$ cat protein08.txt   # compact mmCIF, C-alpha atoms and all ligand atoms
# COMPACT_ATOMS: atom_id res chain seq x y z
CA MET A 208 12.48 17.61 6.45
CA ASN A 209 8.72 17.63 6.05
CA LYS A 210 6.28 15.71 8.19
CA PRO A 211 4.65 12.95 6.08
CA LEU A 212 1.01 13.20 5.10
CA SER A 213 -1.01 11.16 7.55
CA ILE A 214 -3.41 8.78 5.81
CA GLY A 215 -6.08 6.77 7.65
CA LEU A 216 -6.90 3.30 6.32
CA THR A 217 -10.13 1.81 7.56
CA GLY A 218 -12.94 -0.56 6.72
CA GLY A 219 -15.38 -2.87 8.44
CA ILE A 220 -14.53 -6.29 9.82
CA GLY A 221 -13.27 -8.59 7.06
CA SER A 222 -13.17 -5.83 4.45
CA GLY A 223 -9.50 -6.55 3.69
CA LYS A 224 -7.75 -3.61 5.44
CA SER A 225 -4.79 -5.70 6.53
CA LEU A 226 -4.35 -7.16 3.07
CA VAL A 227 -4.50 -3.66 1.52
CA ALA A 228 -2.04 -2.35 4.13
CA ASP A 229 0.37 -5.16 3.16
CA PHE A 230 0.27 -4.01 -0.46
CA PHE A 231 0.94 -0.37 0.49
CA LYS A 232 3.89 -1.68 2.53
CA LEU A 233 5.21 -3.37 -0.61
CA LEU A 234 5.14 0.07 -2.26
CA GLY A 235 7.44 1.29 0.52
CA VAL A 236 4.81 3.03 2.66
CA SER A 237 5.27 2.86 6.44
CA ILE A 238 2.22 1.39 8.19
CA TYR A 239 1.08 1.97 11.77
CA THR A 240 -1.22 -0.89 12.75
CA SER A 241 -3.38 0.53 15.54
CA ASP A 242 -4.62 -2.80 16.83
CA ILE A 243 -1.12 -4.21 17.29
CA GLU A 244 0.22 -0.98 18.79
CA ALA A 245 -2.74 -0.67 21.19
CA LYS A 246 -2.18 -4.23 22.42
CA ARG A 247 1.54 -3.56 22.88
CA LEU A 248 0.92 -0.26 24.69
CA MET A 249 -1.51 -2.00 27.07
CA ARG A 250 1.45 -4.10 28.21
CA THR A 251 4.16 -1.46 28.20
CA ASN A 252 2.73 2.04 28.65
CA SER A 253 2.86 3.10 32.29
CA VAL A 254 -0.03 5.60 31.98
CA ILE A 255 -2.31 2.88 30.59
CA CYS A 256 -1.19 0.30 33.18
CA LYS A 257 -1.75 2.73 36.06
CA SER A 258 -5.17 3.86 34.80
CA LEU A 259 -6.41 0.32 34.11
CA ILE A 260 -5.38 -0.76 37.62
CA GLU A 261 -7.08 2.32 39.11
CA ALA A 262 -10.28 1.57 37.18
CA PHE A 263 -10.49 -2.21 37.49
CA GLY A 264 -8.07 -3.31 40.20
CA LYS A 265 -4.70 -5.06 40.32
CA LYS A 266 -6.18 -8.27 38.89
CA VAL A 267 -5.91 -6.90 35.33
CA TYR A 268 -2.13 -7.40 35.46
CA SER A 269 -0.26 -10.52 36.57
CA VAL A 270 2.45 -10.42 39.23
CA THR A 271 5.05 -10.32 36.46
CA GLY A 272 3.37 -7.25 34.98
CA GLU A 273 1.71 -8.96 32.01
CA LEU A 274 -1.75 -7.74 31.03
CA ASN A 275 -4.32 -10.31 32.11
CA ARG A 276 -6.37 -10.33 28.91
CA SER A 277 -8.90 -12.93 30.01
CA GLU A 278 -9.62 -10.94 33.19
CA LEU A 279 -10.09 -7.75 31.19
CA ALA A 280 -12.26 -9.58 28.65
CA LYS A 281 -14.47 -10.81 31.53
CA ILE A 282 -14.82 -7.26 32.84
CA ILE A 283 -15.83 -5.71 29.53
CA PHE A 284 -18.00 -8.64 28.40
CA ASN A 285 -21.53 -7.22 28.09
CA ASP A 286 -20.53 -4.08 30.02
CA ASN A 287 -20.53 -1.18 27.63
CA ASP A 288 -19.45 1.35 30.26
CA ALA A 289 -16.39 -0.74 31.12
CA LEU A 290 -15.51 -1.03 27.43
CA LYS A 291 -15.88 2.75 27.04
CA LYS A 292 -13.62 3.23 30.06
CA VAL A 293 -10.92 0.96 28.59
CA ASN A 294 -11.14 2.82 25.28
CA SER A 295 -10.93 6.20 27.02
CA ILE A 296 -7.71 5.04 28.70
CA VAL A 297 -6.09 3.35 25.69
CA HIS A 298 -7.08 5.52 22.69
CA PRO A 299 -5.43 8.80 23.81
CA GLN A 300 -2.15 6.97 24.41
CA VAL A 301 -2.32 5.35 20.97
CA ARG A 302 -2.92 8.83 19.48
CA LEU A 303 0.12 10.21 21.30
CA HIS A 304 2.24 7.24 20.32
CA TYR A 305 1.20 7.66 16.68
CA GLN A 306 2.14 11.37 16.76
CA ASN A 307 5.63 10.43 17.99
CA TRP A 308 5.86 7.61 15.44
CA LEU A 309 5.08 10.16 12.69
CA LEU A 310 8.15 12.13 13.75
CA GLU A 311 10.29 9.04 13.18
CA HIS A 312 9.12 9.04 9.55
CA MET A 313 10.03 12.61 8.63
CA GLY A 314 10.84 13.02 4.95
CA GLU A 315 8.58 10.17 3.79
CA PRO A 316 5.83 11.46 1.45
CA TYR A 317 3.07 9.75 3.42
CA VAL A 318 2.41 7.12 6.06
CA ILE A 319 -0.70 5.08 6.81
CA GLN A 320 -2.46 4.37 10.08
CA GLU A 321 -4.63 1.27 9.79
CA SER A 322 -7.58 1.17 12.19
CA ALA A 323 -11.02 -0.45 12.09
CA ILE A 324 -12.54 2.32 14.19
CA LEU A 325 -11.42 5.63 12.67
CA PHE A 326 -15.00 6.75 12.07
CA ASP A 327 -16.47 5.25 15.22
CA THR A 328 -14.01 7.24 17.39
CA GLY A 329 -14.20 10.50 15.44
CA LEU A 330 -10.45 10.18 14.90
CA TYR A 331 -10.90 10.42 11.13
CA THR A 332 -10.90 14.23 11.24
CA SER A 333 -7.24 14.28 12.26
CA PHE A 334 -6.00 12.65 9.02
CA ASP A 335 -5.02 14.38 5.80
CA LYS A 336 -6.92 11.76 3.77
CA ILE A 337 -8.95 8.63 4.47
CA ILE A 338 -8.99 5.38 2.50
CA THR A 339 -11.85 2.97 3.12
CA VAL A 340 -11.77 -0.66 2.06
CA THR A 341 -15.21 -2.11 1.47
CA ALA A 342 -16.80 -5.36 0.36
CA ASP A 343 -20.32 -6.76 0.39
CA LYS A 344 -21.58 -7.97 3.74
CA GLU A 345 -21.91 -11.65 2.78
CA ILE A 346 -18.39 -11.73 1.33
CA ARG A 347 -16.96 -10.16 4.49
CA ILE A 348 -18.84 -12.64 6.69
CA LYS A 349 -17.55 -15.60 4.66
CA ARG A 350 -13.94 -14.33 4.76
CA VAL A 351 -13.98 -13.75 8.52
CA ILE A 352 -15.54 -17.17 9.22
CA GLU A 353 -12.76 -18.76 7.12
CA ARG A 354 -10.01 -16.62 8.68
CA ASP A 355 -11.07 -16.92 12.34
CA SER A 356 -12.93 -20.27 12.25
CA CYS A 357 -15.76 -18.55 14.11
CA SER A 358 -19.55 -18.61 13.87
CA ARG A 359 -21.67 -16.44 11.60
CA ASP A 360 -23.40 -15.01 14.68
CA SER A 361 -20.14 -13.86 16.25
CA VAL A 362 -19.18 -12.07 13.02
CA LEU A 363 -22.62 -10.43 12.80
CA GLU A 364 -22.38 -9.34 16.43
CA ARG A 365 -19.08 -7.55 15.78
CA MET A 366 -20.30 -6.19 12.45
CA ASN A 367 -23.47 -4.72 13.92
CA LYS A 368 -21.44 -2.61 16.35
CA GLN A 369 -19.61 -0.88 13.49
CA ILE A 370 -20.93 2.08 11.52
CA SER A 371 -22.42 1.35 8.09
CA GLU A 372 -20.33 0.88 4.96
CA GLN A 373 -22.30 3.67 3.26
CA GLU A 374 -21.43 6.18 5.98
CA LYS A 375 -17.75 5.21 5.78
CA ILE A 376 -17.73 5.55 2.00
CA GLU A 377 -19.35 8.99 2.14
CA LYS A 378 -16.76 10.26 4.61
CA SER A 379 -13.75 8.89 2.68
CA ASP A 380 -11.44 10.46 0.12
CA PHE A 381 -10.60 7.12 -1.52
CA VAL A 382 -12.52 3.83 -1.60
CA ILE A 383 -11.09 0.42 -2.45
CA TYR A 384 -13.69 -2.13 -3.55
CA ASN A 385 -12.70 -5.63 -2.52
CA ASN A 386 -15.37 -7.98 -3.82
CA THR A 387 -14.26 -9.50 -7.10
CA GLU A 388 -12.43 -6.38 -8.30
CA LEU A 389 -8.64 -6.43 -8.62
CA ILE A 390 -7.26 -4.49 -5.67
CA ILE A 391 -3.65 -3.92 -6.77
CA PRO A 392 -4.54 -1.49 -9.62
CA GLN A 393 -6.81 0.44 -7.22
CA ILE A 394 -4.00 0.66 -4.66
CA ILE A 395 -1.43 1.82 -7.22
CA LYS A 396 -3.83 4.49 -8.50
CA ILE A 397 -4.43 5.84 -4.98
CA HIS A 398 -0.69 5.69 -4.21
CA LYS A 399 0.01 7.86 -7.26
CA GLN A 400 -2.79 10.29 -6.38
CA ILE A 401 -1.46 10.72 -2.84
CA LEU A 402 2.09 11.28 -4.10
CA GLU A 403 0.72 14.13 -6.25
CA LEU A 404 -0.99 15.89 -3.31
P1 LIG A 501 -10.51 -7.21 10.56
O1 LIG A 501 -11.06 -5.85 10.76
O2 LIG A 501 -11.46 -8.28 10.97
O3 LIG A 501 -9.12 -7.41 11.12
P2 LIG A 501 -9.56 -6.77 7.84
O4 LIG A 501 -10.37 -5.68 7.25
O5 LIG A 501 -8.17 -6.45 8.29
O6 LIG A 501 -10.39 -7.47 8.98
P3 LIG A 501 -8.32 -8.88 6.32
O7 LIG A 501 -7.84 -9.67 7.50
O8 LIG A 501 -7.34 -8.16 5.49
O9 LIG A 501 -9.52 -7.91 6.76
O10 LIG A 501 -9.18 -9.82 5.35
C1 LIG A 501 -10.13 -10.75 5.89
C2 LIG A 501 -9.85 -12.14 5.31
O11 LIG A 501 -10.24 -12.13 3.95
C3 LIG A 501 -8.37 -12.51 5.34
O12 LIG A 501 -8.25 -13.90 5.57
C4 LIG A 501 -7.90 -12.15 3.92
O13 LIG A 501 -6.80 -12.92 3.52
C5 LIG A 501 -9.14 -12.44 3.10
N1 LIG A 501 -9.27 -11.58 1.93
C6 LIG A 501 -9.25 -10.23 1.91
N2 LIG A 501 -9.40 -9.76 0.65
C7 LIG A 501 -9.52 -10.86 -0.14
C8 LIG A 501 -9.71 -11.05 -1.56
N3 LIG A 501 -9.80 -10.04 -2.40
N4 LIG A 501 -9.77 -12.31 -2.00
C9 LIG A 501 -9.71 -13.36 -1.16
N5 LIG A 501 -9.53 -13.25 0.16
C10 LIG A 501 -9.44 -12.02 0.69
$ encode --input "protein08.txt" --output "structure tokens" --more "lines below"
Ligand code: ATP
Amino acid sequence: MNKPLSIGLTGGIGSGKSLVADFFKLLGVSIYTSDIEAKRLMRTNSVICKSLIEAFGKKVYSVTGELNRSELAKIIFNDNDALKKVNSIVHPQVRLHYQNWLLEHMGEPYVIQESAILFDTGLYTSFDKIITVTADKEIRIKRVIERDSCSRDSVLERMNKQISEQEKIEKSDFVIYNNTELIIPQIIKIHKQILEL
């Protein structure tokens, strides 16, 4: 049985990645949601647990072994080096976990890894193809404010840390435009193109 093609699905905050991933799922494509898996691995992966404790102390886990998210958030708040350290501990384990997950999907034509930070981490080079979901800045801001009930400033703060839409588009094989365009026909077209690869 062949290993599936590995497709990266990315896009800036509020671009509609999760919504697009849900539609690919409806087409029968297996989806690896990096954010969810990273959060789960931070609770369950012994290499991550050990390294986080070594770096930041026992306080990052509770006595029952649960990750103390508020403590970790305090540590990385406004401390870029601490955030980089956390990422350097978590990202390699997510990569490994994804490689093993791929093996569980042998025989499928392709699978998708959804991640907001494929380009920011340089991880994009390890995929067979990349799909970027994009929408205009103001539309993304409005959607995130409605989804998260948060302030415009907090959206802008997160947005400004991400690489530009233009750079993402240039580095992608497929782009899904999610302003007022219909997204389902775009998804079906890409699905067919990938199946023909
Ligand atoms: P993040 O990186 O912040 O997790 P995301 O790229 O996964 O964001 P989604 O959560 O899929 O984005 O979409 C952001 C919000 O906008 C969601 O509430 C979603 O339902 C809504 N949304 C996405 N696309 C559309 C659309 N075409 N029309 C209306 N609402 C949309």
$ residues_around --input "protein08.txt" --residues "A:Glu311" --least-positions-apart "3" --cutoff "12 Å" --atoms "all atoms listed in the file" --output "VMD selection string"
chain A and resid 208 to 211 237 239 304 to 308 314 to 315 318
$ residues_around --input "protein08.txt" --residues "A:Asn275" --least-positions-apart "4" --cutoff "10 Å" --atoms "all atoms listed in the file" --output "list in words"
Arg250, Lys265, Lys266, Val267, Tyr268, Ser269, Val270, Leu279 and Ala280 of chain A
$ residues_near_ligand --input "protein08.txt" --ligand "ligand LIG 501 (chain A)" --cutoff "10 Å" --atoms "all atoms listed in the file" --output "compact mmCIF listing (two decimals) with C-alpha atoms, in the coordinates of the input"
# COMPACT_ATOMS: atom_id res chain seq x y z
CA LEU A 216 -6.90 3.30 6.32
CA THR A 217 -10.13 1.81 7.56
CA GLY A 218 -12.94 -0.56 6.72
CA GLY A 219 -15.38 -2.87 8.44
CA ILE A 220 -14.53 -6.29 9.82
CA GLY A 221 -13.27 -8.59 7.06
CA SER A 222 -13.17 -5.83 4.45
CA GLY A 223 -9.50 -6.55 3.69
CA LYS A 224 -7.75 -3.61 5.44
CA SER A 225 -4.79 -5.70 6.53
CA LEU A 226 -4.35 -7.16 3.07
CA VAL A 227 -4.50 -3.66 1.52
CA ALA A 228 -2.04 -2.35 4.13
CA ASP A 229 0.37 -5.16 3.16
CA THR A 240 -1.22 -0.89 12.75
CA ASP A 242 -4.62 -2.80 16.83
CA GLU A 321 -4.63 1.27 9.79
CA SER A 322 -7.58 1.17 12.19
CA ALA A 323 -11.02 -0.45 12.09
CA ILE A 324 -12.54 2.32 14.19
CA THR A 339 -11.85 2.97 3.12
CA VAL A 340 -11.77 -0.66 2.06
CA THR A 341 -15.21 -2.11 1.47
CA ALA A 342 -16.80 -5.36 0.36
CA ILE A 346 -18.39 -11.73 1.33
CA ARG A 347 -16.96 -10.16 4.49
CA ILE A 348 -18.84 -12.64 6.69
CA LYS A 349 -17.55 -15.60 4.66
CA ARG A 350 -13.94 -14.33 4.76
CA VAL A 351 -13.98 -13.75 8.52
CA ILE A 352 -15.54 -17.17 9.22
CA GLU A 353 -12.76 -18.76 7.12
CA ARG A 354 -10.01 -16.62 8.68
CA ASP A 355 -11.07 -16.92 12.34
CA VAL A 362 -19.18 -12.07 13.02
CA ARG A 365 -19.08 -7.55 15.78
CA MET A 366 -20.30 -6.19 12.45
CA TYR A 384 -13.69 -2.13 -3.55
CA ASN A 385 -12.70 -5.63 -2.52
CA ASN A 386 -15.37 -7.98 -3.82
CA THR A 387 -14.26 -9.50 -7.10
CA GLU A 388 -12.43 -6.38 -8.30
CA LEU A 389 -8.64 -6.43 -8.62
CA ILE A 390 -7.26 -4.49 -5.67
CA ILE A 391 -3.65 -3.92 -6.77
$ atom_distance --input "protein08.txt" --atom1 "atom CA of A:Glu364" --atom2 "atom CA of A:Leu330"
22.9 Å
$ closest_residue --input "protein08.txt" --among "A:Ser277, A:Ser379, A:Gln300, A:Asn287" --to "A:Thr251" --atoms "all atoms listed in the file"
A:Gln300
$ atom_distance --input "protein08.txt" --atom1 "atom CA of A:Thr271" --atom2 "atom CA of A:Lys292"
23.9 Å
$ atom_distance --input "protein08.txt" --atom1 "atom CA of A:Leu290" --atom2 "atom CA of A:Leu325"
16.7 Å
$ closest_residue --input "protein08.txt" --among "A:Asp286, A:Glu261, A:Asp335, A:Glu273" --to "A:Ser213" --atoms "all atoms listed in the file"
A:Asp335
$ closest_residue --input "protein08.txt" --among "A:Asn294, A:Ser361, A:Asn252, A:Asn285" --to "A:Asp327" --atoms "all atoms listed in the file"
A:Asn294
$ closest_residue --input "protein08.txt" --among "A:Gly272, A:Phe263, A:Lys399, A:Met313" --to "A:Val293" --atoms "only C-alpha atoms"
A:Phe263
